[in-house]
>>> print(open('model.cif').read())   # mmCIF, C-alpha atoms
data_work
loop_
_atom_site.label_atom_id
_atom_site.label_comp_id
_atom_site.auth_asym_id
_atom_site.auth_seq_id
_atom_site.Cartn_x
_atom_site.Cartn_y
_atom_site.Cartn_z
CA MET T 1 17.56 22.00 -32.21
CA PRO T 2 19.63 20.02 -32.60
CA GLU T 3 21.25 18.19 -29.69
CA LEU T 4 19.43 17.55 -26.46
CA VAL T 5 21.34 18.47 -23.35
CA THR T 6 23.00 15.58 -21.58
CA ARG T 7 21.78 15.31 -18.02
CA VAL T 8 23.45 13.11 -15.45
CA THR T 9 22.06 12.61 -11.99
CA VAL T 10 23.95 10.78 -9.28
CA GLU T 11 22.27 8.61 -6.72
CA GLU T 12 23.65 6.36 -4.03
CA LEU T 13 21.89 3.09 -3.35
CA PRO T 14 22.54 0.77 -0.42
CA ALA T 15 23.82 -2.64 -1.50
CA ALA T 16 22.71 -5.96 -0.07
CA SER T 17 26.26 -6.31 1.17
CA GLY T 18 29.45 -4.30 0.89
CA ASP T 19 29.96 -0.80 -0.44
CA PRO T 20 26.97 1.28 -1.59
CA ILE T 21 26.25 1.54 -5.32
CA THR T 22 26.73 4.89 -7.06
CA VAL T 23 24.24 5.22 -9.91
CA LEU T 24 24.83 7.59 -12.82
CA ARG T 25 21.48 8.16 -14.54
CA PHE T 26 21.90 9.60 -18.04
CA SER T 27 19.19 11.30 -20.06
CA GLY T 28 18.98 13.29 -23.30
CA ASP T 29 21.70 12.81 -25.91
CA ILE T 30 25.18 11.38 -25.38
CA THR T 31 27.45 12.77 -28.10
CA SER T 32 30.79 14.55 -28.48
CA ALA T 33 29.16 17.54 -26.75
CA SER T 34 28.56 15.46 -23.63
CA GLN T 35 32.17 15.35 -22.42
CA PRO T 36 31.67 17.89 -19.58
CA ALA T 37 28.45 16.26 -18.39
CA VAL T 38 29.66 12.68 -18.57
CA MET T 39 33.32 12.93 -17.57
CA GLY T 40 32.74 15.96 -15.33
CA THR T 41 30.14 14.06 -13.33
CA TYR T 42 32.22 10.91 -13.19
CA GLU T 43 35.35 12.78 -12.07
CA GLY T 44 33.31 14.52 -9.37
CA LEU T 45 32.42 11.24 -7.68
CA PRO T 46 34.01 10.69 -4.28
CA GLU T 47 37.08 8.47 -4.10
CA THR T 48 35.06 6.10 -1.95
CA ALA T 49 32.78 5.19 -4.86
CA LYS T 50 33.85 1.70 -5.86
CA ARG T 51 30.68 0.31 -7.40
CA ILE T 52 29.32 2.27 -10.34
CA LEU T 53 26.00 1.58 -12.05
CA LEU T 54 25.26 3.24 -15.41
CA ASP T 55 21.58 3.81 -16.24
CA PHE T 56 20.91 4.50 -19.94
CA SER T 57 17.15 3.98 -19.79
CA GLN T 58 16.33 7.66 -20.43
CA VAL T 59 18.88 8.30 -23.18
CA GLU T 60 17.29 9.59 -26.39
CA TYR T 61 20.26 9.43 -28.74
CA LEU T 62 23.71 7.88 -28.49
CA ASN T 63 26.38 7.96 -31.18
CA SER T 64 29.94 6.66 -31.51
CA SER T 65 31.39 9.78 -29.86
CA GLY T 66 29.08 9.15 -26.91
CA ILE T 67 30.17 5.52 -26.79
CA ALA T 68 33.78 6.76 -26.75
CA LEU T 69 32.94 8.78 -23.62
CA VAL T 70 31.61 5.63 -21.97
CA ILE T 71 34.89 3.91 -22.86
CA GLN T 72 36.85 6.85 -21.40
CA MET T 73 34.87 6.49 -18.20
CA MET T 74 35.66 2.77 -18.11
CA ILE T 75 39.35 3.45 -18.62
CA ALA T 76 39.30 5.82 -15.65
CA ALA T 77 37.26 3.37 -13.56
CA SER T 78 39.67 0.56 -14.35
CA LYS T 79 42.58 2.67 -13.07
CA LYS T 80 40.69 3.39 -9.86
CA GLY T 81 39.73 -0.25 -9.28
CA GLN T 82 36.02 0.50 -9.64
CA THR T 83 33.48 -2.02 -10.89
CA ILE T 84 30.93 -0.91 -13.49
CA HIS T 85 27.60 -2.52 -14.33
CA THR T 86 25.16 -1.20 -16.91
CA PHE T 87 21.43 -1.36 -17.60
CA GLY T 88 18.73 0.41 -19.60
CA LEU T 89 20.20 0.02 -23.08
CA SER T 90 17.85 -0.75 -25.95
CA PRO T 91 18.39 -4.07 -27.75
CA HIS T 92 20.06 -2.12 -30.58
CA PHE T 93 22.61 -0.46 -28.31
CA LYS T 94 23.22 -3.71 -26.45
CA LYS T 95 24.23 -5.08 -29.84
CA VAL T 96 26.40 -2.03 -30.59
CA PHE T 97 28.13 -2.15 -27.19
CA THR T 98 28.82 -5.85 -27.77
CA MET T 99 30.18 -5.15 -31.27
CA VAL T 100 32.71 -2.63 -30.01
CA GLY T 101 33.78 -4.87 -27.14
CA ILE T 102 32.60 -2.82 -24.17
CA THR T 103 31.06 -5.95 -22.71
CA LYS T 104 34.56 -7.14 -21.78
CA TYR T 105 34.61 -4.38 -19.16
CA THR T 106 31.00 -4.09 -18.05
CA THR T 107 28.02 -6.40 -17.97
CA LEU T 108 24.81 -5.23 -19.64
CA HIS T 109 21.80 -6.06 -17.48
CA PRO T 110 18.11 -6.06 -18.42
CA ASP T 111 17.02 -3.96 -15.44
CA GLU T 112 18.22 -2.08 -12.35
CA ALA T 113 17.44 -4.85 -9.84
CA THR T 114 19.46 -7.42 -11.78
CA ALA T 115 22.31 -4.97 -12.19
CA CYS T 116 22.39 -4.12 -8.47
CA ALA T 117 22.32 -7.80 -7.53
CA ALA T 118 25.34 -8.41 -9.77
CA PHE T 119 27.56 -6.35 -7.46
CA GLY T 120 27.13 -9.15 -4.90
CA MET B 1 15.21 8.24 -68.14
CA PRO B 2 15.54 4.53 -68.98
CA LEU B 3 15.29 2.22 -66.02
CA SER B 4 18.79 0.85 -66.61
CA ASP B 5 20.32 4.31 -66.05
CA LYS B 6 19.58 4.07 -62.35
CA PRO B 7 21.99 1.59 -60.76
CA ASN B 8 19.76 1.12 -57.74
CA ARG B 9 16.81 0.03 -59.84
CA ARG B 10 16.17 -3.58 -60.69
CA LYS B 11 13.90 -5.42 -63.02
CA GLY B 12 10.50 -5.73 -61.42
CA ASP B 13 10.81 -2.65 -59.24
CA LYS B 14 7.43 -1.28 -58.32
CA PHE B 15 8.20 2.08 -56.77
CA PRO B 16 11.61 3.44 -57.67
CA SER B 17 12.00 6.86 -56.15
CA SER B 18 14.36 9.01 -54.16
CA ILE B 19 14.48 11.70 -51.48
CA GLU B 20 17.24 14.27 -51.15
CA LEU B 21 18.31 16.35 -48.16
CA ARG B 22 20.97 18.97 -47.70
CA LEU B 23 22.22 19.40 -44.16
CA PRO B 24 24.44 22.09 -42.66
CA SER B 25 27.76 20.77 -41.38
CA ARG B 26 26.64 21.24 -37.80
CA LEU B 27 26.69 18.34 -35.36
CA GLY B 28 23.20 17.37 -34.35
CA TYR B 29 21.67 17.83 -37.79
CA GLU B 30 22.59 14.24 -38.60
CA LYS B 31 19.40 13.44 -36.70
CA VAL B 32 17.37 14.95 -39.56
CA ALA B 33 18.87 12.42 -41.97
CA MET B 34 18.66 9.63 -39.42
CA ASN B 35 14.97 10.19 -38.75
CA THR B 36 14.14 10.63 -42.44
CA ALA B 37 15.89 7.35 -43.27
CA ALA B 38 14.02 5.66 -40.42
CA SER B 39 10.66 6.92 -41.70
CA VAL B 40 11.40 5.68 -45.21
CA ALA B 41 12.63 2.30 -43.99
CA ARG B 42 9.47 1.83 -41.91
CA LEU B 43 7.30 2.74 -44.89
CA MET B 44 9.15 0.12 -46.94
CA GLY B 45 8.44 -2.55 -44.35
CA PHE B 46 11.81 -2.96 -42.65
CA SER B 47 11.74 -4.39 -39.13
CA GLU B 48 12.45 -2.09 -36.18
CA GLU B 49 15.78 -3.88 -35.67
CA ARG B 50 16.86 -3.00 -39.20
CA VAL B 51 15.52 0.53 -38.82
CA ASP B 52 17.69 0.97 -35.72
CA ASP B 53 20.72 -0.38 -37.58
CA LEU B 54 20.14 2.07 -40.42
CA LYS B 55 19.63 5.01 -38.04
CA THR B 56 23.01 4.48 -36.42
CA ALA B 57 24.75 3.92 -39.78
CA VAL B 58 23.24 7.06 -41.34
CA ALA B 59 24.00 9.18 -38.28
CA GLU B 60 27.63 8.02 -38.23
CA ALA B 61 28.06 8.64 -41.97
CA CYS B 62 26.66 12.17 -41.61
CA ILE B 63 28.88 12.91 -38.60
CA ASN B 64 31.95 11.73 -40.53
CA ALA B 65 30.93 13.89 -43.50
CA MET B 66 30.47 16.95 -41.28
CA GLU B 67 33.61 16.48 -39.17
CA HIS B 68 36.15 14.95 -41.53
CA GLY B 69 34.76 15.77 -44.98
CA ASN B 70 33.55 19.33 -44.47
CA LYS B 71 35.71 20.10 -41.40
CA LEU B 72 32.61 21.44 -39.63
CA ASP B 73 32.48 24.38 -42.05
CA GLU B 74 28.82 25.35 -41.78
CA SER B 75 28.89 26.98 -45.22
CA LEU B 76 29.38 23.48 -46.69
CA SER B 77 26.48 21.09 -46.97
CA VAL B 78 26.26 17.39 -46.43
CA GLY B 79 24.05 15.79 -49.06
CA VAL B 80 21.90 12.80 -48.30
CA VAL B 81 20.13 10.86 -51.05
CA LEU B 82 17.78 8.03 -50.17
CA SER B 83 16.91 5.79 -53.10
CA MET B 84 14.26 3.15 -52.74
CA ASP B 85 13.28 0.19 -54.83
CA ALA B 86 11.09 -2.77 -54.05
CA ASN B 87 13.86 -4.70 -52.32
CA SER B 88 16.31 -2.24 -50.90
CA LEU B 89 17.04 1.18 -49.54
CA GLU B 90 20.26 2.95 -50.49
CA VAL B 91 21.56 6.00 -48.63
CA LYS B 92 24.38 8.10 -50.05
CA VAL B 93 26.01 10.73 -47.85
CA THR B 94 28.16 13.23 -49.72
CA ASP B 95 30.69 15.82 -48.57
CA THR B 96 33.38 18.02 -50.11
CA GLY B 97 36.37 16.16 -48.64
CA ASP B 98 38.79 13.62 -50.08
CA GLY B 99 37.20 10.64 -48.37
CA PRO B 100 38.70 8.41 -45.69
CA LYS B 101 42.39 7.58 -46.15
CA SER B 102 41.81 3.96 -45.23
CA LYS B 103 39.18 1.71 -43.81
CA THR B 104 39.24 1.37 -40.06
CA GLY B 105 39.19 -2.12 -38.65
CA ALA B 106 37.20 -3.40 -35.73
CA PRO B 107 37.89 -1.44 -32.56
CA ASP B 108 40.25 -3.14 -30.14
CA ILE B 109 38.73 -2.48 -26.75
CA ASP B 110 41.81 -3.77 -24.90
CA LYS B 111 44.04 -1.29 -26.75
CA LYS B 112 41.55 1.47 -25.99
CA MET B 113 41.57 0.55 -22.32
CA LEU B 114 45.37 0.63 -22.32
CA GLY B 115 45.42 4.00 -24.10
CA GLU B 116 47.10 2.47 -27.18
CA GLU B 117 44.11 3.27 -29.42
CA GLU B 118 41.88 6.33 -29.37
CA ALA B 119 38.54 5.88 -27.65
CA ARG B 120 36.87 7.48 -30.69
CA GLY B 121 37.01 6.30 -34.30
CA MET B 122 34.34 3.62 -34.42
CA GLY B 123 31.97 5.20 -36.95
CA MET B 124 33.11 3.41 -40.11
CA PHE B 125 33.30 0.10 -38.30
CA LEU B 126 29.73 0.49 -37.07
CA ILE B 127 28.47 1.45 -40.52
CA GLN B 128 30.04 -1.63 -42.08
CA ALA B 129 28.75 -3.87 -39.33
CA LEU B 130 25.17 -2.60 -39.38
CA VAL B 131 24.22 -2.38 -43.07
CA ASP B 132 24.21 -5.01 -45.84
CA GLU B 133 26.51 -3.03 -48.16
CA ALA B 134 28.84 -0.14 -47.38
CA GLU B 135 31.43 1.63 -49.47
CA TRP B 136 33.34 4.90 -49.47
CA VAL B 137 34.01 6.56 -52.79
CA SER B 138 36.49 9.39 -53.17
CA SER B 139 36.19 11.55 -56.24
CA PRO B 140 38.10 14.82 -55.72
CA PRO B 141 37.63 17.62 -56.50
CA ALA B 142 33.90 16.92 -56.65
CA GLY B 143 33.87 15.42 -53.17
CA SER B 144 33.31 12.02 -51.66
CA TYR B 145 30.47 9.88 -50.52
CA ALA B 146 29.58 7.00 -48.27
CA ARG B 147 27.06 4.57 -49.71
CA MET B 148 25.00 2.24 -47.58
CA VAL B 149 22.35 -0.28 -48.58
CA ILE B 150 19.96 -2.43 -46.60
CA HIS B 151 17.91 -5.17 -48.23
CA LEU B 152 14.48 -6.41 -47.31
CA SER B 153 14.75 -10.04 -46.27
CA ASN B 154 11.16 -10.67 -47.37
CA PRO B 155 10.46 -8.18 -50.15
CA PRO B 156 6.84 -7.65 -51.20
CA VAL B 157 5.69 -10.01 -53.98
#
>>> encode(input="model.cif", output="structure tokens")
Amino acid sequence: MPELVTRVTVEELPAASGDPITVLRFSGDITSASQPAVMGTYEGLPETAKRILLDFSQVEYLNSSGIALVIQMMIAASKKGQTIHTFGLSPHFKKVFTMVGITKYTTLHPDEATACAAFG
Amino acid sequence: MPLSDKPNRRKGDKFPSSIELRLPSRLGYEKVAMNTAASVARLMGFSEERVDDLKTAVAEACINAMEHGNKLDESLSVGVVLSMDANSLEVKVTDTGDGPKSKTGAPDIDKKMLGEEEARGMGMFLIQALVDEAEWVSSPPAGSYARMVIHLSNPPV
């Protein structure tokens, strides 16, 4: 007990056109203890990564400290001119992300295919 | 004890009862309270959407109690009392602190993005937004508590 380790895997997907898509696939818990996993992984991405896709479909538990990490990542992405799309959130966390305003800076998609297509 | 001595009880209640937990002030243990509250809410007939709302609210209240109330001192407990009646579920989360200094408003994502507001600090906002009633009561030196209530929209007849 009590917190599950945060795992983040990075994958690069070819896009229909333009730059490839860098996917960050999260699993386990995303909490205040996830800073090294979340921000460490994000900061380790190559400078060439311009299209970021966040996959929350395997996340077991997410709290407000975890959401704050997502916001930190978006702040950093905004400074680097990166575009972020998101998928895999439960209906509850879609509601929560909307409540806190994250949807001004990323679009929440129902699935990976829709999210990838949104990069154009 | 007379029925009227319990503020959460109402005339016509069929199964007034309560469950109490004591958690160490260690992050992660809020999940014990969260999952207990979810089990109780499901047993009472709340929808999964409401159960999810309550889970997040209870987890955030416990995290605040551990971090801000008890300063993560593991020798101090966070108390959780779930009180049920026919129409509603009340969750009280107690700690030894002085309670929040003020209510936090809705997060301003633009200010967060500009670095003018901390990325963290959304717990109280989420609690208020996700439950039907929320209040924070400070009663030093005894401690403080957060109180949350969700109501059944279609209570059993």
>>> residues_around(input="model.cif", residues="Met73 of chain T", least_positions_apart="3", cutoff="9 Å", atoms="all atoms listed in the file", output="MDAnalysis selection string")
chainID T and resid 38:39 42:43 68:70 76:78
>>> closest_atom_pairs(input="model.cif", of="chain T", to="chain B", cutoff="10 Å", atoms="all atoms listed in the file", output="Markdown table")
| residue | atom | partner | partner_atom | distance |
| --- | --- | --- | --- | --- |
| T:Met1 | CA | B:Gly28 | CA | 7.6 |
| T:Pro2 | CA | B:Gly28 | CA | 4.8 |
| T:Glu3 | CA | B:Gly28 | CA | 5.1 |
| T:Leu4 | CA | B:Gly28 | CA | 8.7 |
| T:Asp29 | CA | B:Gly28 | CA | 9.7 |
| T:Thr31 | CA | B:Gly28 | CA | 8.8 |
| T:Ser32 | CA | B:Leu27 | CA | 8.9 |
| T:Ala33 | CA | B:Leu27 | CA | 9.0 |
| T:Tyr61 | CA | B:Lys31 | CA | 9.0 |
| T:Leu62 | CA | B:Thr56 | CA | 8.7 |
| T:Asn63 | CA | B:Thr56 | CA | 7.1 |
| T:Ser64 | CA | B:Gly123 | CA | 6.0 |
| T:Ser65 | CA | B:Arg120 | CA | 6.0 |
| T:Gly66 | CA | B:Arg120 | CA | 8.8 |
| T:Ile67 | CA | B:Arg120 | CA | 8.0 |
| T:Ala68 | CA | B:Ala119 | CA | 4.9 |
| T:Leu69 | CA | B:Ala119 | CA | 7.5 |
| T:Val70 | CA | B:Ala119 | CA | 9.0 |
| T:Ile71 | CA | B:Ala119 | CA | 6.3 |
| T:Gln72 | CA | B:Ala119 | CA | 6.5 |
| T:Met73 | CA | B:Met113 | CA | 9.9 |
| T:Met74 | CA | B:Met113 | CA | 7.6 |
| T:Ile75 | CA | B:Met113 | CA | 5.2 |
| T:Ala76 | CA | B:Met113 | CA | 8.8 |
| T:Ser78 | CA | B:Met113 | CA | 8.2 |
| T:Lys79 | CA | B:Met113 | CA | 9.5 |
| T:Ser90 | CA | B:Asp52 | CA | 9.9 |
| T:Pro91 | CA | B:Glu49 | CA | 8.3 |
| T:His92 | CA | B:Asp52 | CA | 6.4 |
| T:Phe93 | CA | B:Asp52 | CA | 9.0 |
| T:Lys95 | CA | B:Asp53 | CA | 9.7 |
| T:Val96 | CA | B:Leu126 | CA | 7.7 |
| T:Met99 | CA | B:Leu126 | CA | 8.1 |
| T:Val100 | CA | B:Pro107 | CA | 5.9 |
| T:Gly101 | CA | B:Ile109 | CA | 5.5 |
| T:Ile102 | CA | B:Ile109 | CA | 6.7 |
| T:Thr103 | CA | B:Ile109 | CA | 9.3 |
| T:Lys104 | CA | B:Ile109 | CA | 8.0 |
| T:Tyr105 | CA | B:Ile109 | CA | 8.8 |
>>> atom_distance(input="model.cif", atom1="atom CA of Arg51 of chain T", atom2="atom CA of Phe97 of chain T")
20.1 Å
>>> residues_around(input="model.cif", residues="Ile52 of chain T", least_positions_apart="5", cutoff="8 Å", atoms="only C-alpha atoms", output="PDB file with C-alpha atoms, in the frame of the given file")
ATOM      1  CA  ILE T  21      26.250   1.540  -5.320  1.00  0.00           C
ATOM      2  CA  THR T  22      26.730   4.890  -7.060  1.00  0.00           C
ATOM      3  CA  VAL T  23      24.240   5.220  -9.910  1.00  0.00           C
ATOM      4  CA  LEU T  24      24.830   7.590 -12.820  1.00  0.00           C
ATOM      5  CA  GLN T  82      36.020   0.500  -9.640  1.00  0.00           C
ATOM      6  CA  THR T  83      33.480  -2.020 -10.890  1.00  0.00           C
ATOM      7  CA  ILE T  84      30.930  -0.910 -13.490  1.00  0.00           C
ATOM      8  CA  HIS T  85      27.600  -2.520 -14.330  1.00  0.00           C
TER       9      HIS T  85
END
>>> axis_aligned_box(input="model.cif", around="segment 135-153 of chain B", padding_each_side="6 Å", output="lines of an AutoDock Vina configuration file")
center_x = 26.3
center_y = 3.8
center_z = -51.5
size_x = 35.6
size_y = 39.7
size_z = 22.4
>>> resolve_selection(input="model.cif", expression="the PyMOL selection byres ((chain B and resi 97) around 10)", output="list in words")
Ala65, Met66, Glu67, His68, Gly69, Asn70, Lys71, Thr94, Asp95, Thr96, Asp98, Gly99, Pro100, Ser138, Ser139, Pro140, Pro141, Ala142, Gly143, Ser144 and Tyr145 of chain B
>>> residues_around(input="model.cif", residues="Gly18 of chain T", least_positions_apart="5", cutoff="12 Å", atoms="only C-alpha atoms", output="list in words")
Leu13, Ala49, Lys50, Arg51, Cys116, Ala117, Phe119 and Gly120 of chain T
>>> residues_near_point(input="model.cif", point="(22.0, -2.6, -18.6)", cutoff="8 Å", atoms="only C-alpha atoms", output="VMD selection string")
chain T and resid 54 to 56 85 to 89 107 to 112 115
>>> atom_distance(input="model.cif", atom1="atom CA of Asp73 of chain B", atom2="atom CA of Ala146 of chain B")
18.7 Å
>>> atom_distance(input="model.cif", atom1="atom CA of His151 of chain B", atom2="atom CA of Ser47 of chain B")
11.0 Å
>>> closest_residue(input="model.cif", among="B:Ala61, B:Leu82, B:Asn87, B:Ser153", to="Trp136 of chain B", atoms="all atoms listed in the file")
B:Ala61
>>> closest_residue(input="model.cif", among="T:Pro46, T:Thr114, T:Pro20, T:Glu60", to="Val5 of chain T", atoms="all atoms listed in the file")
T:Glu60
>>> residues_around(input="model.cif", residues="Leu152 of chain B", least_positions_apart="4", cutoff="9 Å", atoms="all atoms listed in the file", output="PyMOL selection string")
chain B and resi 44-47+86-89+156
>>> decode(input="model.cif", residues="segment 75-92 of chain T", atoms="N, CA, C and O atoms", output="compact mmCIF listing (two decimals), in the first residue's frame")
# COMPACT_ATOMS: atom_id res chain seq x y z
N ILE T 75 1.85 23.91 -19.10
CA ILE T 75 2.56 25.20 -19.04
C ILE T 75 3.88 25.07 -19.82
O ILE T 75 4.21 25.91 -20.66
N ALA T 76 4.60 23.98 -19.55
CA ALA T 76 5.89 23.78 -20.22
C ALA T 76 5.68 23.60 -21.72
O ALA T 76 6.43 24.15 -22.54
N ALA T 77 4.64 22.86 -22.09
CA ALA T 77 4.37 22.61 -23.52
C ALA T 77 4.01 23.90 -24.24
O ALA T 77 4.41 24.13 -25.39
N SER T 78 3.26 24.75 -23.54
CA SER T 78 2.86 26.02 -24.13
C SER T 78 4.10 26.87 -24.44
O SER T 78 4.19 27.51 -25.49
N LYS T 79 5.05 26.84 -23.52
CA LYS T 79 6.29 27.64 -23.72
C LYS T 79 7.11 27.10 -24.89
O LYS T 79 7.83 27.85 -25.54
N LYS T 80 7.00 25.79 -25.13
CA LYS T 80 7.78 25.18 -26.21
C LYS T 80 7.03 25.16 -27.54
O LYS T 80 7.53 24.59 -28.51
N GLY T 81 5.80 25.68 -27.54
CA GLY T 81 5.01 25.67 -28.78
C GLY T 81 4.51 24.30 -29.16
O GLY T 81 4.26 24.04 -30.34
N GLN T 82 4.36 23.42 -28.19
CA GLN T 82 3.86 22.07 -28.48
C GLN T 82 2.33 22.05 -28.41
O GLN T 82 1.73 22.84 -27.68
N THR T 83 1.75 21.13 -29.13
CA THR T 83 0.29 20.95 -29.09
C THR T 83 -0.01 19.67 -28.31
O THR T 83 0.64 18.65 -28.53
N ILE T 84 -0.99 19.75 -27.40
CA ILE T 84 -1.34 18.57 -26.60
C ILE T 84 -2.79 18.17 -26.84
O ILE T 84 -3.69 19.00 -26.77
N HIS T 85 -2.99 16.90 -27.13
CA HIS T 85 -4.33 16.32 -27.15
C HIS T 85 -4.37 15.18 -26.13
O HIS T 85 -3.32 14.63 -25.76
N THR T 86 -5.59 14.87 -25.68
CA THR T 86 -5.75 13.94 -24.55
C THR T 86 -6.86 12.94 -24.85
O THR T 86 -7.87 13.30 -25.46
N PHE T 87 -6.67 11.70 -24.40
CA PHE T 87 -7.77 10.73 -24.47
C PHE T 87 -7.63 9.73 -23.32
O PHE T 87 -6.63 9.72 -22.60
N GLY T 88 -8.69 8.94 -23.14
CA GLY T 88 -8.64 7.86 -22.14
C GLY T 88 -9.13 8.25 -20.76
O GLY T 88 -9.03 7.44 -19.83
N LEU T 89 -9.67 9.46 -20.61
CA LEU T 89 -10.20 9.85 -19.30
C LEU T 89 -11.60 9.27 -19.13
O LEU T 89 -12.39 9.21 -20.07
N SER T 90 -11.91 8.89 -17.90
CA SER T 90 -13.28 8.44 -17.59
C SER T 90 -14.22 9.64 -17.69
O SER T 90 -13.77 10.79 -17.62
N PRO T 91 -15.52 9.38 -17.82
CA PRO T 91 -16.47 10.51 -17.86
C PRO T 91 -16.32 11.42 -16.63
O PRO T 91 -16.42 12.64 -16.75
N HIS T 92 -16.03 10.83 -15.48
CA HIS T 92 -15.87 11.65 -14.26
C HIS T 92 -14.69 12.60 -14.41
O HIS T 92 -14.79 13.79 -14.11
